Structure formats: structure tokens, C-alpha cells
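*Asks:* Dropping a structure here in C-alpha cells format, bear with me for questions.
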Amino acid sequence: MNDPVNIDISVPPRPLLDVDLHHPPVFMMFMFEDVSPPPMLDELVFDFRRCDFDSLNESLAAVDWPSVLYGSTDHVVEAFYGKLHELFRATVPVKKRRSRIGVSQPWLNPELRNLRNRLRKARKRFRNGHDMTVSLEVRDLESAYNTLHVTSFCDYINRIQDNARTDPLSFWSHVRQRKGTQSIPQVTTYDDETAETPNAVAMQFSTFFQSVLSTNTPPLCESFLSSLPNRDFNLPLLNFSSNDVFRKMSTLDETKGPGPDGIPPILDKKCADPLSVPISIIFNNR
């Protein structure tokens, strides 16, 4: 290793696999600055489940949408969401959504957490002193922790499987947790430069993709292009009436989660009549 200051290498008290004479196991501890994002505070979000949909429908129906939604498509969409959130703030109650700081494994019971804490402390004492007595303690704690960890995990998987029919939400929560996060990282490092804002992170991704993108474009064969037949296509412009939009919105599944805009399908379905007008205007915007 070329960084002896931030990396500590020692002999592990209990190898995980059989020891090979020419490949001895090592215990490596990396000491780097924590670059995790700061913990997020509680945020207020709209509680659409407790929404007075009759009042919201009246407010949506009273809006003169053609006078609000005009101009380019980007401007129309921005004006639509701006007006929508203005009405939400007046008619939809809010609730606190507590942000989860860190991810805790759902099968970690108090006994397993206690064993994990004792094991961490024992490993730290071993790294500081390399005492054989502490080495035996680490070995026993690792064995007990691994055994209990496997048992707790198996019990958790069995509960998920047994409750898949009676409690499907717990099953899909398990699936989402296993899939991991899909959010954009808040801090990235590339070419020894650290980006901490969304724009800077996006620029670093752009710089990396440009560095690996090949700009060698093969030349087109002019004789081949001239041999292609010319065809005139007259594609009709599609128009969606408010009735078309209303019929589709009325068939939405209320149990599904919200999309990227944070609006759940239960609101789209219960407010399909007044919302069908502005959405059809957005679809038909040229």
C-alpha cells in the first residue's frame, strides 16, 4: 500500500478461510474522512390521504386553464405545476415525513446489536494491543455473532415469505430495500476534485462520459445515401380530448405510489374531471 498513514494492516485474530502458506490473511483498516451527507431534517409533505377532494375539485374546476397554460411546452408544464401546488397549499393538509438517517437491517434484534457492539469494541482493543487473550475473545464473539446473524436473517426471510399474501406491502418494502437507492449522489470525487452541489455533480458525470466517448465517426457512403428511395410521410398530429384523458385517469390504480412529481394516483383519479382539461392542453401543446 502506498498510504501507510491512513491504512493499518495487521494479522486477523480469526481467518475466514483456510490459511494458505503463500497467501496469509491480513486485517486492513482504512481511515478516511467521512464524506457522508449531513442528516436531513423532518420535512413537511402533502397528506393526500386526508385531502378534502370535494373542495379541491371545486378549486380545480374554477381555474381558467386556457389563460394559464400558454406558450412553450416547458412554460405550460411549469405553470400547471405552479398552479397545482398553489391549490394544494390551500386545500391539502400537510404532515411530517421523517427522513431516515442511515439504513438499519430489519433483522437486527437487540441481542444481535449487543453482540455487534461488543465485537467492535473487542476488535478495537485487539488492533491497539494485539493481545492473545483479546484475540480469543474476538474469535468467540465473531462465532457467536455470525451464528446469531444467520439465524436472525433466516427468521426475517421466513416472515417476509409467510406474510407475502397477507401483508404484501412488507414484501415490496423488502424488495425496494434490496434494490438500493436510485438517487443522485450528493458528493462525488473525480480527478482529485470534489463536487458537493447538484450542478457540480452533474458536470463531473458529464466530464467523465466525455472522456470515454469516442468521437471517431465513420464517413457515410455518398453512393449508398443517393440510392435510398425518397418517401413522403404525412403523419397526422394526435389530439387528445379532455374526455380521452378523463377515461384513462378514471382507470388508475389508487394503491400505487406517487411518481417523480410526488402526486399519488389517488388524487389523479378522484380529481380526474377537472384535471382532464389542463392535462389535455399539455398533451396538445405544439
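How things are named: the first chain in the C-alpha cells is A, the next is B, and so on; residues count from 1 in each chain; ligands count from 1 in the order shown.
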Would you mind listing what lies within 12 Å of stretch 120-134 of chain A as a VMD selection string, with only C-alpha atoms counted and same-chain residues fewer than 6 positions away left out?

*Replies:* chain A and resid 8 to 14 27 to 29 113 to 114 140 to 142 145

*Asks:* Write out as CSV the residues of stretch 243-262 of chain A that have any atom within 6 Å of an atom of stretch 266-273 of chain A, one row each with the nearest atom pair and its distance in Å to one decimal, counting only C-alpha atoms, sorted by chain and then rising number.

*Replies:*
residue,atom,partner,partner_atom,distance
A:Phe246,CA,A:Ala272,CA,5.6
A:Met249,CA,A:Lys269,CA,5.5
A:Ser250,CA,A:Lys269,CA,5.2
A:Glu254,CA,A:Ile266,CA,4.5

*Asks:* If you run DSSP over the backbone, which residues in stretch 94-274 of chain A end up strand (DSSP E or B)? Put them as a ChimeraX atom specification.

*Replies:* /A:94-97,188-190,193-195

*Asks:* What is the atom CA of A:Glu58-atom CA of A:Pro274 distance in Å, reported with one decimal?

*Replies:* 8.2 Å

*Asks:* Near stretch 63-76 of chain A, counting only C-alpha atoms, which residues have an atom at most 12 Å away, once you skip same-chain residues fewer than 2 positions from it, shown as an MDAnalysis selection string?

*Replies:* chainID A and resid 56:61 78:84 86:87 274:286

*Asks:* Restricting it to C-alpha atoms, dump the selection as a compact mmCIF listing (two decimals), in the first residue's frame.

*Replies:*
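Writing the result to result24.txt gives the following:
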# COMPACT_ATOMS: atom_id res chain seq x y z
CA LEU A 56 -60.04 20.52 -4.27
CA ASN A 57 -62.25 19.58 -7.23
CA GLU A 58 -64.15 22.86 -6.89
CA SER A 59 -60.89 24.83 -6.82
CA LEU A 60 -59.52 23.00 -9.87
CA ALA A 61 -62.76 23.48 -11.82
CA GLU A 78 -44.19 24.80 -15.17
CA ALA A 79 -47.36 26.92 -14.98
CA PHE A 80 -49.50 23.82 -14.48
CA TYR A 81 -47.48 22.55 -11.51
CA GLY A 82 -47.22 26.06 -10.08
CA LYS A 83 -50.99 26.46 -10.07
CA LEU A 84 -51.48 22.92 -8.82
CA GLU A 86 -50.88 26.76 -5.09
CA LEU A 87 -54.21 24.95 -4.77
CA PRO A 274 -61.22 18.96 -13.54
CA LEU A 275 -57.67 17.76 -14.22
CA SER A 276 -58.54 16.29 -17.62
CA VAL A 277 -58.81 19.81 -19.09
CA PRO A 278 -55.29 21.11 -18.26
CA ILE A 279 -53.66 17.75 -18.97
CA SER A 280 -55.29 17.61 -22.43
CA ILE A 281 -54.00 21.15 -23.07
CA ILE A 282 -50.47 19.99 -22.17
CA PHE A 283 -50.72 16.93 -24.44
CA ASN A 284 -51.99 19.00 -27.38
CA ASN A 285 -49.48 21.83 -26.95
CA ARG A 286 -47.49 22.33 -30.14
